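Novice: Below: one structure in structure tokens.
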Amino acid sequence: MGESQARIPILVKIAGIGEASGELNRLTAPLTVGDILKILPINGRTVPSQGCVSILLGLKRGTEKSVTQVEAGTIAYWPRTGSLCIYPEAAKTYGPVNKIGRLTNGLEIIKNLKSGSRIIIVAV
């Protein structure tokens with residue numbers, strides 16, 4: 001799989017706040033990323049918690065190349081809750097997460113989100 005096929009550009013839109021861009025990376029968790037690509041665009045509400053902002057997906061997938069430490073900007077799938085998590089800063093996760101991508105631009109819009117903010121994630 002070539003680099004261009006492995007990295008899928010995405011746009012994260014927060015209603016009334018702004019946009020961030022990033023990428024999903026098939027090499028970090030290919031089955032999880034494949035399942036998430038099938039349900040794009042994601043249109044949901046944010047649930048901020050300590051260290052991350054999560055979006056319930058209703059997706060059931062187990063751990064895949066899981067990690068418990070993430071860098072700022074990491075996008076991960078949390079199997080325990082079936083949620084997509086975006087980490088605005090480096091963190092130790094509550095449990096194993098499948099790292100699936102990262103935000104490359106606009107991370108600051110994620111840092112102070114309130115619960116229930118409308119979020120849309122699309123492939124570009």
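In the structure tokens, chains take the letters A, B, ... in the order shown, each chain's residues start at 1, and ligands count up from 1 in the order shown.
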What lies within 9 Å of stretch 68-72 of chain A using only C-alpha atoms, ignoring chain neighbours under 2 positions off, as an NGL selection string?

Specialist: :A and (66 or 74-76 or 86-99 or 102-103 or 107)

Novice: Keeping only C-alpha atoms, write the selected residues to a file as a compact mmCIF listing (two decimals), in the first residue's frame.

Specialist:
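This is the output file again09.txt:
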# COMPACT_ATOMS: atom_id res chain seq x y z
CA SER A 66 -3.56 -0.41 20.77
CA THR A 74 -3.97 12.10 18.03
CA ILE A 75 -7.25 10.71 16.70
CA ALA A 76 -8.04 7.31 18.22
CA ILE A 86 -9.45 13.47 19.67
CA TYR A 87 -6.67 14.38 22.09
CA PRO A 88 -5.81 18.12 22.18
CA GLU A 89 -2.68 17.43 24.23
CA ALA A 90 -0.42 14.51 25.07
CA ALA A 91 -2.15 12.15 27.49
CA LYS A 92 -2.22 8.76 29.13
CA THR A 93 -5.50 7.15 28.03
CA TYR A 94 -8.06 5.55 30.38
CA GLY A 95 -7.68 2.27 28.54
CA PRO A 96 -6.22 0.89 25.31
CA VAL A 97 -7.12 2.91 22.20
CA ASN A 98 -6.52 2.23 18.52
CA LYS A 99 -4.53 5.14 17.13
CA ARG A 102 -3.98 12.83 13.73
CA LEU A 103 -5.03 16.43 13.36
CA LEU A 107 -6.00 21.66 16.93

Novice: Using only C-alpha atoms, I'd like a table of the residues in stretch 43-71 of chain A that come within 12 Å of stretch 15-30 of chain A; for each, show the closest atom pair and its distance in Å rounded to one decimal, ordered by chain and ascending number, as JSON lines.

Specialist:
{"residue": "A:Asn43", "atom": "CA", "partner": "A:Ala15", "partner_atom": "CA", "distance": 10.7}
{"residue": "A:Gly44", "atom": "CA", "partner": "A:Ala15", "partner_atom": "CA", "distance": 10.7}
{"residue": "A:Arg45", "atom": "CA", "partner": "A:Ala15", "partner_atom": "CA", "distance": 10.1}
{"residue": "A:Thr46", "atom": "CA", "partner": "A:Ala15", "partner_atom": "CA", "distance": 10.9}
{"residue": "A:Arg61", "atom": "CA", "partner": "A:Ala29", "partner_atom": "CA", "distance": 11.0}
{"residue": "A:Gly62", "atom": "CA", "partner": "A:Ala29", "partner_atom": "CA", "distance": 10.8}
{"residue": "A:Thr63", "atom": "CA", "partner": "A:Ala29", "partner_atom": "CA", "distance": 8.9}
{"residue": "A:Glu64", "atom": "CA", "partner": "A:Ala29", "partner_atom": "CA", "distance": 5.8}
{"residue": "A:Lys65", "atom": "CA", "partner": "A:Ala29", "partner_atom": "CA", "distance": 6.2}
{"residue": "A:Ser66", "atom": "CA", "partner": "A:Ala29", "partner_atom": "CA", "distance": 8.3}
{"residue": "A:Val67", "atom": "CA", "partner": "A:Thr28", "partner_atom": "CA", "distance": 10.5}

Novice: Generate a file of the selected residues that holds C-alpha atoms, formatted as a compact mmCIF listing (two decimals), in the first residue's frame.

Specialist:
# COMPACT_ATOMS: atom_id res chain seq x y z
CA ASN A 43 -22.18 13.79 12.22
CA GLY A 44 -22.42 13.80 16.01
CA ARG A 45 -22.09 15.62 19.29
CA THR A 46 -18.95 16.07 21.36
CA ARG A 61 -14.46 -3.15 17.10
CA GLY A 62 -11.82 -4.61 19.39
CA THR A 63 -8.30 -3.43 20.05
CA GLU A 64 -5.88 -3.27 17.14
CA LYS A 65 -2.28 -2.19 17.66
CA SER A 66 -3.56 -0.41 20.77
CA VAL A 67 -1.67 2.22 22.77

Novice: Report as a ChimeraX atom specification all protein, DNA and RNA residues lying within 9 Å of A:Gly82, evaluated on only C-alpha atoms, omitting residues in the same chain fewer than 6 positions from it.

Specialist: /A:55-61

Novice: Return as an mmCIF file with C-alpha atoms, in the first residue's frame the full set of residues in chain A whose backbone-based DSSP assignment is strand (DSSP E).

Specialist:
data_model
loop_
_atom_site.group_PDB
_atom_site.id
_atom_site.type_symbol
_atom_site.label_atom_id
_atom_site.label_comp_id
_atom_site.auth_asym_id
_atom_site.auth_seq_id
_atom_site.Cartn_x
_atom_site.Cartn_y
_atom_site.Cartn_z
ATOM 1 C CA ARG A 7 -3.237 8.396 4.515
ATOM 2 C CA ILE A 8 -6.773 9.703 4.004
ATOM 3 C CA PRO A 9 -7.199 13.483 4.432
ATOM 4 C CA ILE A 10 -10.111 14.547 6.642
ATOM 5 C CA LEU A 11 -11.807 17.764 7.680
ATOM 6 C CA VAL A 12 -13.261 18.212 11.182
ATOM 7 C CA LYS A 13 -15.960 20.899 11.338
ATOM 8 C CA ILE A 14 -17.255 22.267 14.647
ATOM 9 C CA GLY A 18 -14.288 26.471 12.984
ATOM 10 C CA GLU A 19 -12.468 23.690 11.172
ATOM 11 C CA ALA A 20 -9.433 21.503 11.659
ATOM 12 C CA SER A 21 -7.730 19.256 9.135
ATOM 13 C CA GLY A 22 -5.965 15.977 9.574
ATOM 14 C CA GLU A 23 -5.618 12.472 8.279
ATOM 15 C CA LEU A 24 -6.609 8.914 9.002
ATOM 16 C CA ASN A 25 -3.765 6.431 8.635
ATOM 17 C CA ILE A 42 -19.619 11.333 10.897
ATOM 18 C CA ASN A 43 -22.184 13.790 12.222
ATOM 19 C CA GLY A 44 -22.416 13.798 16.007
ATOM 20 C CA ARG A 45 -22.093 15.624 19.293
ATOM 21 C CA THR A 46 -18.952 16.072 21.364
ATOM 22 C CA VAL A 47 -18.475 14.645 24.833
ATOM 23 C CA PRO A 48 -15.438 16.298 26.454
ATOM 24 C CA SER A 49 -13.714 14.335 29.190
ATOM 25 C CA CYS A 52 -9.919 14.124 25.129
ATOM 26 C CA VAL A 53 -13.059 14.972 23.219
ATOM 27 C CA SER A 54 -15.065 11.925 22.203
ATOM 28 C CA ILE A 55 -17.805 11.300 19.650
ATOM 29 C CA LEU A 56 -20.006 8.225 20.033
ATOM 30 C CA SER A 66 -3.559 -0.406 20.769
ATOM 31 C CA VAL A 67 -1.669 2.218 22.766
ATOM 32 C CA THR A 68 -2.119 3.861 26.178
ATOM 33 C CA GLN A 69 -0.048 7.022 25.547
ATOM 34 C CA VAL A 70 -0.943 9.541 22.832
ATOM 35 C CA THR A 74 -3.969 12.097 18.031
ATOM 36 C CA ILE A 75 -7.251 10.711 16.702
ATOM 37 C CA ALA A 76 -8.043 7.313 18.222
ATOM 38 C CA TYR A 77 -10.862 4.785 18.471
ATOM 39 C CA TRP A 78 -11.732 3.690 22.015
ATOM 40 C CA SER A 83 -16.094 6.274 20.448
ATOM 41 C CA LEU A 84 -13.769 8.327 18.318
ATOM 42 C CA CYS A 85 -11.452 10.374 20.564
ATOM 43 C CA ILE A 86 -9.450 13.470 19.671
ATOM 44 C CA ALA A 91 -2.150 12.145 27.488
ATOM 45 C CA LYS A 92 -2.224 8.758 29.128
ATOM 46 C CA THR A 93 -5.496 7.148 28.028
ATOM 47 C CA TYR A 94 -8.058 5.548 30.382
ATOM 48 C CA GLY A 95 -7.679 2.265 28.542
ATOM 49 C CA PRO A 96 -6.221 0.892 25.313
ATOM 50 C CA VAL A 97 -7.121 2.911 22.203
ATOM 51 C CA ASN A 98 -6.519 2.225 18.524
ATOM 52 C CA LYS A 99 -4.534 5.139 17.125
ATOM 53 C CA ILE A 100 -6.113 5.887 13.729
ATOM 54 C CA GLY A 101 -4.841 9.306 12.700
ATOM 55 C CA ARG A 102 -3.983 12.834 13.727
ATOM 56 C CA LEU A 103 -5.028 16.434 13.359
ATOM 57 C CA THR A 104 -2.407 18.383 11.443
ATOM 58 C CA ASN A 105 -3.977 21.853 11.517
ATOM 59 C CA ARG A 118 -22.035 19.625 16.760
ATOM 60 C CA ILE A 119 -19.090 17.944 15.012
ATOM 61 C CA ILE A 120 -18.860 16.710 11.433
ATOM 62 C CA ILE A 121 -15.932 14.662 10.117
ATOM 63 C CA VAL A 122 -15.599 14.157 6.360
ATOM 64 C CA ALA A 123 -12.992 12.697 4.014
#

Novice: To test your reading of the structure, identify every residue in chain A that backbone DSSP assigns to helix (DSSP H, G or I), and report it as a PyMOL selection string.

Specialist: chain A and resi 3-6+30-39+107-109

Novice: So that I have them on file, write out the residues from the current selection with N, CA and C atoms, as a JSON list (two decimals), in the first residue's frame.

Specialist:
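Below you can see selection10.json, which holds the result:
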[["chain", "number", "residue", "atom", "x", "y", "z"],
["A", 3, "GLU", "N", 2.00, 5.30, 0.23],
["A", 3, "GLU", "CA", 1.78, 6.33, 1.24],
["A", 3, "GLU", "C", 0.48, 7.09, 0.97],
["A", 4, "SER", "N", 0.17, 7.40, -0.29],
["A", 4, "SER", "CA", -1.04, 8.15, -0.60],
["A", 4, "SER", "C", -2.29, 7.34, -0.35],
["A", 5, "GLN", "N", -2.23, 6.02, -0.47],
["A", 5, "GLN", "CA", -3.38, 5.17, -0.18],
["A", 5, "GLN", "C", -3.55, 4.96, 1.32],
["A", 6, "ALA", "N", -2.47, 5.03, 2.06],
["A", 6, "ALA", "CA", -2.52, 4.78, 3.50],
["A", 6, "ALA", "C", -3.06, 5.98, 4.28],
["A", 30, "PRO", "N", -5.47, -0.82, 10.42],
["A", 30, "PRO", "CA", -6.16, -0.94, 9.13],
["A", 30, "PRO", "C", -7.62, -1.37, 9.21],
["A", 31, "LEU", "N", -7.97, -2.29, 10.07],
["A", 31, "LEU", "CA", -9.37, -2.74, 10.15],
["A", 31, "LEU", "C", -10.26, -1.66, 10.75],
["A", 32, "THR", "N", -9.77, -1.00, 11.79],
["A", 32, "THR", "CA", -10.53, 0.06, 12.43],
["A", 32, "THR", "C", -10.73, 1.23, 11.48],
["A", 33, "VAL", "N", -9.66, 1.66, 10.81],
["A", 33, "VAL", "CA", -9.77, 2.78, 9.86],
["A", 33, "VAL", "C", -10.73, 2.40, 8.73],
["A", 34, "GLY", "N", -10.65, 1.17, 8.24],
["A", 34, "GLY", "CA", -11.56, 0.72, 7.19],
["A", 34, "GLY", "C", -13.01, 0.81, 7.61],
["A", 35, "ASP", "N", -13.33, 0.40, 8.84],
["A", 35, "ASP", "CA", -14.70, 0.49, 9.35],
["A", 35, "ASP", "C", -15.15, 1.94, 9.50],
["A", 36, "ILE", "N", -14.27, 2.80, 9.95],
["A", 36, "ILE", "CA", -14.61, 4.22, 10.13],
["A", 36, "ILE", "C", -14.84, 4.88, 8.78],
["A", 37, "LEU", "N", -14.03, 4.54, 7.78],
["A", 37, "LEU", "CA", -14.22, 5.11, 6.45],
["A", 37, "LEU", "C", -15.59, 4.75, 5.88],
["A", 38, "LYS", "N", -16.10, 3.58, 6.23],
["A", 38, "LYS", "CA", -17.42, 3.15, 5.75],
["A", 38, "LYS", "C", -18.56, 3.98, 6.32],
["A", 39, "ILE", "N", -18.35, 4.58, 7.51],
["A", 39, "ILE", "CA", -19.44, 5.35, 8.12],
["A", 39, "ILE", "C", -19.27, 6.87, 7.96],
["A", 107, "LEU", "N", -5.79, 22.40, 15.68],
["A", 107, "LEU", "CA", -6.00, 21.66, 16.93],
["A", 107, "LEU", "C", -6.61, 22.53, 18.03],
["A", 108, "GLU", "N", -6.34, 23.84, 17.99],
["A", 108, "GLU", "CA", -6.81, 24.73, 19.04],
["A", 108, "GLU", "C", -8.34, 24.77, 19.17],
["A", 109, "ILE", "N", -9.08, 24.46, 18.09],
["A", 109, "ILE", "CA", -10.56, 24.49, 18.20],
["A", 109, "ILE", "C", -11.09, 23.34, 19.05]]
